[in-house]
>>> print(open('start24.txt').read())   # compact mmCIF, C-alpha atoms and all ligand atoms
# COMPACT_ATOMS: atom_id res chain seq x y z
CA MET A 29 0.00 0.00 0.00
CA GLU A 30 1.17 3.50 -0.85
CA CYS A 31 0.10 6.79 0.73
CA LYS A 32 -2.50 8.68 -1.29
CA ARG A 33 -0.87 12.06 -0.58
CA CYS A 34 2.87 11.38 -0.55
CA VAL A 35 4.87 8.47 -2.00
CA LEU A 36 5.82 6.60 1.16
CA ASP A 37 4.72 2.99 1.23
CA GLU A 38 4.97 -0.10 3.40
CA SER A 39 8.70 -0.34 2.82
CA ALA A 40 8.63 2.07 5.80
CA LYS A 41 7.71 -0.69 8.23
CA ASP A 42 6.17 1.52 10.91
CA ILE A 43 3.92 3.46 8.50
CA ARG A 44 0.21 3.78 9.40
CA PHE A 45 -2.63 4.87 7.15
CA ASP A 46 -5.83 6.72 8.09
CA GLU A 47 -9.28 5.97 6.64
CA ASN A 48 -8.46 8.09 3.56
CA GLY A 49 -5.30 6.14 2.84
CA VAL A 50 -3.04 9.00 3.99
CA CYS A 51 0.02 8.12 6.04
CA ASN A 52 1.12 9.27 9.48
CA TYR A 53 4.39 10.68 8.15
CA CYS A 54 3.04 13.32 5.78
CA THR A 55 0.20 14.12 8.21
CA ASP A 56 2.67 14.69 11.01
CA TYR A 57 4.91 16.68 8.69
CA LEU A 58 2.12 19.06 7.72
CA ASP A 59 0.92 19.38 11.31
CA LYS A 60 4.36 20.53 12.45
CA ARG A 61 5.26 22.64 9.44
CA ASP A 62 3.86 25.95 10.67
CA SER A 63 5.75 25.75 13.92
CA ILE A 64 9.05 24.85 12.23
CA LEU A 65 9.11 27.09 9.16
CA GLN A 66 9.66 30.67 10.28
CA ASN A 67 8.62 34.05 8.90
CA PHE A 68 10.64 37.13 7.92
CA GLU A 69 10.24 38.69 11.33
CA ALA A 70 11.89 35.67 12.95
CA LEU A 71 14.59 35.72 10.27
CA PHE A 72 15.51 39.34 10.91
CA SER A 73 15.62 38.94 14.65
CA LEU A 74 17.80 35.84 14.19
CA VAL A 75 20.17 37.61 11.83
CA SER A 76 20.56 40.58 14.15
CA ARG A 77 21.30 38.18 16.99
CA ILE A 78 24.03 36.42 14.94
CA ARG A 79 25.73 39.60 13.70
CA THR A 80 28.76 40.26 15.85
CA PRO A 81 30.39 43.65 15.23
CA ASN A 82 34.18 43.68 15.03
CA ALA A 83 34.59 39.91 14.88
CA SER A 84 36.28 38.46 11.77
CA TYR A 85 33.47 35.95 11.44
CA ASP A 86 30.06 35.88 13.08
CA CYS A 87 29.09 32.37 12.08
CA ILE A 88 30.27 29.12 10.59
CA VAL A 89 28.52 27.70 7.57
CA GLY A 90 29.03 23.98 7.01
CA VAL A 91 29.52 23.42 3.28
CA SER A 92 29.50 20.11 1.42
CA GLY A 93 29.24 21.43 -2.13
CA GLY A 94 25.64 20.16 -2.26
CA LEU A 95 22.63 22.27 -3.13
CA ASP A 96 21.32 22.98 0.37
CA SER A 97 24.59 24.09 1.92
CA SER A 98 25.72 26.06 -1.16
CA PHE A 99 22.45 27.97 -1.18
CA LEU A 100 22.75 28.49 2.55
CA LEU A 101 26.18 30.10 2.15
CA TYR A 102 24.87 32.37 -0.58
CA LYS A 103 21.92 33.44 1.58
CA ALA A 104 24.04 33.96 4.69
CA LYS A 105 26.24 36.33 2.75
CA GLU A 106 23.25 38.08 1.19
CA LEU A 107 21.78 38.63 4.67
CA GLY A 108 24.90 40.54 5.62
CA LEU A 109 26.48 37.87 7.80
CA ARG A 110 30.23 37.27 7.80
CA PRO A 111 30.51 33.51 7.58
CA LEU A 112 33.52 31.26 7.70
CA ALA A 113 32.78 28.35 5.36
CA VAL A 114 33.86 25.06 6.90
CA HIS A 115 34.12 21.89 4.93
CA ILE A 116 34.46 18.55 6.67
CA ASP A 117 36.50 16.24 4.50
CA THR A 118 35.43 12.68 5.28
CA GLY A 119 37.48 11.31 2.38
CA TRP A 120 34.45 10.81 0.12
CA ASN A 121 34.22 14.08 -1.82
CA SER A 122 33.12 13.68 -5.40
CA ALA A 123 35.02 15.73 -7.98
CA ILE A 124 31.99 17.98 -8.51
CA SER A 125 31.70 18.76 -4.80
CA VAL A 126 35.29 19.99 -4.56
CA SER A 127 34.80 22.22 -7.57
CA ASN A 128 31.47 23.54 -6.23
CA ILE A 129 32.95 24.43 -2.85
CA GLU A 130 35.91 26.21 -4.41
CA THR A 131 33.80 28.10 -6.92
CA ILE A 132 31.15 29.33 -4.53
CA THR A 133 33.48 30.39 -1.72
CA ALA A 134 35.72 32.23 -4.20
CA LYS A 135 32.83 34.04 -5.86
CA LEU A 136 31.26 35.01 -2.55
CA GLN A 137 34.69 35.96 -1.16
CA VAL A 138 34.18 33.79 1.88
CA ASP A 139 37.16 32.19 3.65
CA LEU A 140 37.19 28.42 3.56
CA HIS A 141 38.47 26.19 6.34
CA THR A 142 38.75 22.47 5.68
CA PHE A 143 38.69 20.01 8.56
CA VAL A 144 40.05 16.62 7.53
CA LEU A 145 38.80 13.62 9.53
CA ASP A 146 41.40 11.02 10.43
CA TRP A 147 40.87 8.61 7.56
CA PRO A 148 42.21 5.34 9.15
CA GLN A 149 39.83 5.68 12.11
CA PHE A 150 36.92 6.96 10.07
CA ARG A 151 37.37 4.07 7.64
CA LYS A 152 37.30 1.60 10.55
CA MET A 153 34.15 3.29 11.80
CA GLN A 154 32.38 2.92 8.46
CA VAL A 155 33.48 -0.71 8.07
CA ALA A 156 32.29 -1.40 11.64
CA TYR A 157 28.81 -0.16 10.68
CA LEU A 158 28.78 -2.41 7.61
CA ARG A 159 29.87 -5.41 9.68
CA ALA A 160 27.37 -4.68 12.45
CA GLY A 161 24.49 -5.07 9.99
CA VAL A 162 22.70 -1.90 11.12
CA LEU A 163 20.80 0.32 8.72
CA ASP A 164 22.04 3.84 9.36
CA LEU A 165 25.48 3.66 7.74
CA GLU A 166 25.45 7.43 7.42
CA PHE A 167 25.42 7.85 11.18
CA PRO A 168 29.22 8.34 11.50
CA THR A 169 29.26 10.87 8.64
CA ASP A 170 26.42 12.91 10.12
CA HIS A 171 27.89 12.66 13.61
CA TYR A 172 31.41 13.74 12.70
CA TYR A 173 30.19 16.41 10.32
CA LEU A 174 28.40 18.12 13.17
CA SER A 175 30.99 17.40 15.85
CA ALA A 176 33.79 18.80 13.68
CA LEU A 177 31.76 21.97 13.10
CA TYR A 178 31.36 22.34 16.88
CA LYS A 179 35.08 21.84 17.33
CA VAL A 180 36.05 24.42 14.70
CA ALA A 181 33.50 26.87 16.18
CA ALA A 182 35.09 26.43 19.62
CA ASP A 183 38.64 26.76 18.26
CA LYS A 184 37.77 29.95 16.39
CA GLY A 185 35.61 31.42 19.15
CA ILE A 186 32.45 31.48 17.01
CA ARG A 187 29.04 30.86 18.60
CA PHE A 188 26.74 30.24 15.67
CA ILE A 189 26.81 27.27 13.31
CA LEU A 190 24.56 27.31 10.26
CA THR A 191 23.87 24.03 8.52
CA GLY A 192 21.88 23.20 5.39
CA ASN A 193 19.42 20.88 7.17
CA ASN A 194 15.95 21.95 6.18
CA TYR A 195 12.39 20.93 6.77
CA THR A 196 11.28 21.69 3.21
CA SER A 197 13.21 18.93 1.48
CA GLU A 198 14.19 16.66 4.37
CA GLY A 199 11.39 16.95 6.90
CA ILE A 200 9.84 13.58 6.11
CA MET A 201 11.92 10.60 7.17
CA PRO A 202 10.46 7.36 8.54
CA ASP A 203 11.83 6.57 12.01
CA CYS A 204 12.92 3.11 10.88
CA TRP A 205 15.10 4.52 8.07
CA ILE A 206 17.52 6.38 10.34
CA HIS A 207 18.83 6.13 13.88
CA ASN A 208 18.63 9.01 16.38
CA LYS A 209 21.64 11.12 15.41
CA GLY A 210 22.42 12.09 18.99
CA ASP A 211 23.13 8.50 20.03
CA THR A 212 26.93 8.65 20.36
CA ARG A 213 26.97 5.70 22.76
CA ASN A 214 25.42 3.51 20.05
CA MET A 215 28.13 4.50 17.58
CA LEU A 216 30.95 3.86 20.02
CA ASP A 217 29.55 0.45 20.94
CA ILE A 218 29.34 -0.54 17.27
CA TYR A 219 32.91 0.67 16.77
CA ARG A 220 34.15 -1.23 19.83
CA LYS A 221 32.52 -4.49 18.72
CA TYR A 222 33.20 -4.37 14.99
CA GLY A 223 35.93 -1.79 14.43
CA ASN A 224 38.56 -1.51 17.08
CA THR A 225 38.77 -2.15 20.80
CA SER A 226 40.61 1.12 21.43
CA PRO A 227 38.51 4.31 21.19
CA PRO A 228 38.50 6.48 18.02
CA ASP A 229 40.66 9.07 19.78
CA LYS A 230 41.70 10.90 16.60
CA LEU A 231 38.10 11.71 15.71
CA PRO A 232 36.26 14.62 17.38
CA THR A 233 33.53 12.46 18.94
CA LEU A 234 30.65 14.46 20.39
CA THR A 235 30.42 12.84 23.79
CA LEU A 236 27.78 13.73 26.33
CA PHE A 237 30.37 15.74 28.24
CA LYS A 238 31.39 17.75 25.14
CA ARG A 239 27.78 18.38 24.26
CA PHE A 240 27.13 19.71 27.72
CA TYR A 241 30.15 22.02 27.34
CA TYR A 242 29.26 23.27 23.85
CA TYR A 243 25.60 23.86 24.59
CA ASN A 244 25.72 25.23 28.13
CA ILE A 245 29.15 26.72 28.66
CA ARG A 246 30.11 27.91 25.16
CA LYS A 247 26.44 28.38 24.26
CA THR A 248 27.08 27.34 20.66
CA GLU A 249 23.92 27.25 18.56
CA ASN A 250 23.24 25.10 15.53
CA ILE A 251 20.78 26.97 13.33
CA PHE A 252 18.85 25.62 10.37
CA LEU A 253 18.72 28.93 8.52
CA LEU A 254 16.91 27.50 5.48
CA ASN A 255 13.85 27.00 7.71
CA TYR A 256 13.71 30.79 8.06
CA LEU A 257 13.64 31.43 4.33
CA PRO A 258 11.29 30.60 1.48
CA TYR A 259 13.20 27.64 0.10
CA ASN A 260 12.33 26.18 -3.26
CA ARG A 261 14.96 23.64 -4.31
CA GLU A 262 14.43 24.08 -8.04
CA ASP A 263 14.68 27.88 -7.83
CA ALA A 264 17.71 27.57 -5.56
CA LYS A 265 19.40 25.27 -8.06
CA GLN A 266 18.80 27.66 -10.95
CA THR A 267 20.13 30.60 -8.91
CA LEU A 268 23.31 28.72 -8.05
CA ILE A 269 23.85 27.50 -11.60
CA ASN A 270 23.25 30.91 -13.16
CA THR A 271 25.06 33.03 -10.56
CA PHE A 272 27.98 30.84 -9.55
CA GLY A 273 28.39 28.21 -12.24
CA TRP A 274 27.46 25.65 -9.59
CA LYS A 275 27.30 22.12 -11.04
CA GLU A 276 24.39 19.78 -10.58
CA TYR A 277 24.78 16.26 -9.12
CA PRO A 278 23.31 13.15 -10.70
CA VAL A 279 21.42 12.43 -7.44
CA LYS A 280 20.51 14.20 -4.16
CA HIS A 281 23.46 14.01 -1.76
CA GLY A 282 25.71 13.08 -4.71
CA GLU A 283 28.43 15.24 -3.20
CA SER A 284 29.73 12.18 -1.35
CA VAL A 285 30.51 9.00 -3.27
CA PHE A 286 29.79 6.90 -0.18
CA THR A 287 26.39 8.52 0.42
CA ARG A 288 25.48 8.07 -3.21
CA PHE A 289 26.40 4.38 -3.09
CA TYR A 290 24.63 3.90 0.25
CA HIS A 291 21.41 5.52 -1.02
CA ARG A 292 21.36 3.86 -4.41
CA TYR A 293 22.84 0.43 -3.71
CA ILE A 294 23.11 -0.62 -0.04
CA LEU A 295 19.80 0.79 1.19
CA PRO A 296 17.60 -0.67 -1.57
CA LYS A 297 19.43 -3.98 -1.93
CA ARG A 298 20.05 -4.79 1.70
CA PHE A 299 17.25 -3.00 3.52
CA GLY A 300 14.57 -2.65 0.84
CA VAL A 301 14.57 1.14 1.28
CA ASP A 302 14.34 3.65 -1.53
CA ILE A 303 15.26 6.84 0.33
CA ARG A 304 14.00 8.95 -2.58
CA ARG A 305 10.46 8.19 -1.38
CA ALA A 306 11.13 10.28 1.75
CA HIS A 307 12.85 13.17 -0.05
CA LEU A 308 10.20 13.35 -2.78
CA SER A 309 7.38 13.19 -0.21
CA SER A 310 8.70 16.32 1.53
CA LEU A 311 8.72 18.17 -1.78
CA ILE A 312 5.17 16.98 -2.60
CA CYS A 313 3.90 18.34 0.73
CA ASN A 314 5.41 21.72 -0.17
CA ALA A 315 3.92 21.75 -3.66
CA GLN A 316 7.38 21.72 -5.22
CA LEU A 317 6.55 18.55 -7.10
CA SER A 318 3.31 16.76 -7.95
CA ARG A 319 2.68 13.24 -6.70
CA ASN A 320 2.52 12.00 -10.30
CA GLU A 321 5.88 13.58 -11.12
CA ALA A 322 7.34 11.90 -8.04
CA LEU A 323 5.92 8.52 -9.07
CA GLU A 324 7.47 8.94 -12.52
CA LEU A 325 10.83 9.79 -10.97
CA LEU A 326 10.64 6.69 -8.78
CA LYS A 327 10.10 4.51 -11.83
CA THR A 328 13.22 5.76 -13.54
CA GLU A 329 16.70 4.84 -12.45
CA SER A 330 18.14 8.12 -11.24
CA ILE A 331 21.69 6.91 -11.53
CA ASP A 332 23.09 4.95 -14.40
CA ALA A 333 24.38 1.42 -13.95
CA GLU A 334 27.87 2.34 -15.08
CA LEU A 335 28.25 5.07 -12.43
CA LEU A 336 26.86 2.71 -9.78
CA GLN A 337 29.38 0.04 -10.75
CA SER A 338 32.29 2.46 -10.69
CA ASP A 339 31.06 3.78 -7.29
CA LYS A 340 30.99 0.20 -6.00
CA GLU A 341 34.56 -0.51 -7.07
CA TYR A 342 35.70 2.81 -5.63
CA VAL A 343 33.92 2.32 -2.28
CA LEU A 344 35.17 -1.25 -1.77
CA LYS A 345 38.75 -0.32 -2.64
CA LYS A 346 38.71 2.70 -0.34
CA LEU A 347 37.18 0.74 2.55
CA GLY A 348 39.68 -2.10 1.99
CA LEU A 349 37.00 -4.76 1.39
CA THR A 350 37.13 -7.51 -1.21
CA LEU A 351 34.07 -8.15 -3.34
CA THR A 352 33.52 -11.50 -1.59
CA GLU A 353 33.71 -9.90 1.86
CA PHE A 354 31.29 -7.18 0.80
CA GLU A 355 28.81 -9.64 -0.71
CA GLU A 356 28.93 -11.68 2.52
CA LEU A 357 28.22 -8.56 4.56
CA MET A 358 25.33 -7.64 2.28
CA ALA A 359 23.82 -11.10 2.80
CA ALA A 360 24.43 -11.29 6.57
CA PRO A 361 21.49 -10.86 8.99
CA VAL A 362 20.31 -7.30 9.56
CA ARG A 363 20.56 -5.98 13.12
CA SER A 364 18.73 -3.24 14.93
CA HIS A 365 20.67 -0.29 16.33
CA PHE A 366 19.02 -1.21 19.63
CA ASP A 367 20.98 -4.48 19.70
CA PHE A 368 23.82 -2.16 20.77
CA ARG A 369 24.16 0.17 23.72
CA SER A 370 22.15 3.34 23.41
CA GLU A 371 22.08 6.61 25.29
CA ILE A 372 18.49 7.38 24.34
CA PRO A 373 17.01 6.04 27.62
CA ILE A 374 19.63 8.00 29.60
CA LYS A 375 18.80 11.18 27.69
CA ARG A 376 15.08 10.71 28.17
CA ALA A 377 15.51 10.28 31.91
CA TYR A 378 17.86 13.28 32.07
CA ASN A 379 15.49 15.50 30.08
CA THR A 380 12.53 14.56 32.26
CA PHE A 381 14.61 15.26 35.35
CA ILE A 382 15.82 18.74 34.31
CA LYS A 383 12.36 19.62 33.03
CA LYS A 384 10.96 18.87 36.47
CA LEU A 385 13.58 21.16 37.98
CA ARG A 386 12.84 23.75 35.25
CA LEU A 387 16.49 23.81 34.29
CA GLN A 388 16.14 22.84 30.63
CA SER A 389 17.44 26.20 29.37
CA PHE A 390 20.64 25.87 31.36
CA LEU A 391 21.54 22.19 31.31
CA LYS A 392 20.83 21.16 27.73
CA ILE A 393 22.26 18.05 26.13
CA SER A 394 20.46 18.48 22.84
CA ASN A 395 20.53 21.64 20.83
CA ARG A 396 18.83 21.99 17.47
CA HIS A 397 16.57 24.64 16.01
ZN ZN B 401 1.96 10.19 3.26
>>> encode(input="start24.txt", output="structure tokens")
Amino acid sequence: MECKRCVLDESAKDIRFDENGVCNYCTDYLDKRDSILQNFEALFSLVSRIRTPNASYDCIVGVSGGLDSSFLLYKAKELGLRPLAVHIDTGWNSAISVSNIETITAKLQVDLHTFVLDWPQFRKMQVAYLRAGVLDLEFPTDHYYLSALYKVAADKGIRFILTGNNYTSEGIMPDCWIHNKGDTRNMLDIYRKYGNTSPPDKLPTLTLFKRFYYYNIRKTENIFLLNYLPYNREDAKQTLINTFGWKEYPVKHGESVFTRFYHRYILPKRFGVDIRRAHLSSLICNAQLSRNEALELLKTESIDAELLQSDKEYVLKKLGLTLTEFEELMAAPVRSHFDFRSEIPIKRAYNTFIKKLRLQSFLKISNRH
């Protein structure tokens, strides 16, 4: 069964449908939209809060070379902010992403700082996730992307971090298709069991202690600026192409070869998940695409077989896996993230506790808006 409004279907195992055949995910998305997407008034008060006179930079903008973060950098500059563009190099940049980052920062005259993750440990982390048999293989990338931004912000004395996350094109995501991104304990347990017994000490892991420090002592804020702006992906793409010579990717999140391979090969083949269903559903709910157009897109292969094959060879070689090893891992039993240690129950208890004491504004351990 497929939702009558969006294009999610029963491949999202926890999906529920109402009497009109509409799913819980798009209903929930639309219910929350007005409280998440902000108006101009909120934007201007946010921008005036971020502006820091006399500082070299007033914010960090995380850039991947992808559409969302490139447009974010352009908008930040247009709003009169003085951003430092920070790129986290996980080792998986596609050639287009490098060229996009260089082009846009040069044309906007924004300084670029690149933070390179320790490849041997990050590789072990990614292989550990593959071996563990869990679904969210992008967890380490998302985790270290954010944690490195926090680290650079602290090193440079900058309080505000702007990232390209946005409700418009990413707001719909079935719970069973990702794992809670704040669950550092889960990641470290997977690494300990399938990667290495010694901790990943060369990676800037966002431990509970560090989070407490960044959020409550440094008061660093991670802001999803695109939620404060009218954001139409197609218009944004045309603006970037026409103004900056930005180059388009063959698929969403094509800026990383690993992500591309994960979305187009591992997720569908191993977990029966076509992640495009979630991305397209968000756009349908915002009238940026019709449901019929989305269904047509789902029918077509959005990445050609040749590129997929070359991505596969590249990914296996870089991760140090043979084809046989990889095929065995793809066929091994799937495991839940909850088969490993998790800090979610600890966090829930902590949040309930500080809420009771009315201390949630001072003792935060999660920090997103
Ligand atoms: Zn739906």
>>> residues_near_ligand(input="start24.txt", ligand="ligand ZN 401 (chain B)", cutoff="7 Å", atoms="all atoms listed in the file", output="number ranges by chain")
A: 31-36, 50-55
>>> atom_distance(input="start24.txt", atom1="atom CA of A:Arg213", atom2="atom CA of A:Ile372")
8.8 Å
>>> residues_around(input="start24.txt", residues="stretch 284-290 of chain A", least_positions_apart="4", cutoff="6 Å", atoms="only C-alpha atoms", output="PyMOL selection string")
chain A and resi 120-122+294-295
>>> closest_residue(input="start24.txt", among="A:Thr169, A:Lys103, A:Ala264, A:Ala306", to="A:Glu276", atoms="all atoms listed in the file")
A:Ala264
>>> atom_distance(input="start24.txt", atom1="atom CA of A:Thr248", atom2="atom CA of A:Lys60")
25.1 Å
>>> residues_around(input="start24.txt", residues="A:Val75", least_positions_apart="4", cutoff="8 Å", atoms="all atoms listed in the file", output="list in words")
Leu71, Arg79, Leu107 and Leu109 of chain A
>>> closest_residue(input="start24.txt", among="A:Pro373, A:Pro81, A:Gly192, A:Gly185", to="A:Tyr259", atoms="all atoms listed in the file")
A:Gly192
>>> atom_distance(input="start24.txt", atom1="atom CA of A:Val114", atom2="atom CA of A:His141")
4.8 Å
>>> closest_residue(input="start24.txt", among="A:Asp211, A:Asp117, A:Asp139, A:Asp146", to="A:Lys375", atoms="all atoms listed in the file")
A:Asp211
>>> residues_around(input="start24.txt", residues="stretch 170-181 of chain A", least_positions_apart="6", cutoff="8 Å", atoms="all atoms listed in the file", output="short mmCIF file (atom, residue, chain, number, x, y, z; two decimals) with C-alpha atoms, in the frame of the given file")
data_model
loop_
_atom_site.label_atom_id
_atom_site.label_comp_id
_atom_site.auth_asym_id
_atom_site.auth_seq_id
_atom_site.Cartn_x
_atom_site.Cartn_y
_atom_site.Cartn_z
CA ILE A 88 30.27 29.12 10.59
CA GLY A 90 29.03 23.98 7.01
CA VAL A 114 33.86 25.06 6.90
CA ILE A 116 34.46 18.55 6.67
CA PHE A 143 38.69 20.01 8.56
CA ARG A 187 29.04 30.86 18.60
CA PHE A 188 26.74 30.24 15.67
CA ILE A 189 26.81 27.27 13.31
CA LYS A 209 21.64 11.12 15.41
CA GLY A 210 22.42 12.09 18.99
CA THR A 212 26.93 8.65 20.36
CA LEU A 231 38.10 11.71 15.71
CA PRO A 232 36.26 14.62 17.38
CA THR A 233 33.53 12.46 18.94
CA LEU A 234 30.65 14.46 20.39
CA TYR A 242 29.26 23.27 23.85
CA THR A 248 27.08 27.34 20.66
#
>>> closest_residue(input="start24.txt", among="A:Asn270, A:Pro278, A:Arg159, A:Arg151", to="A:Pro228", atoms="all atoms listed in the file")
A:Arg151
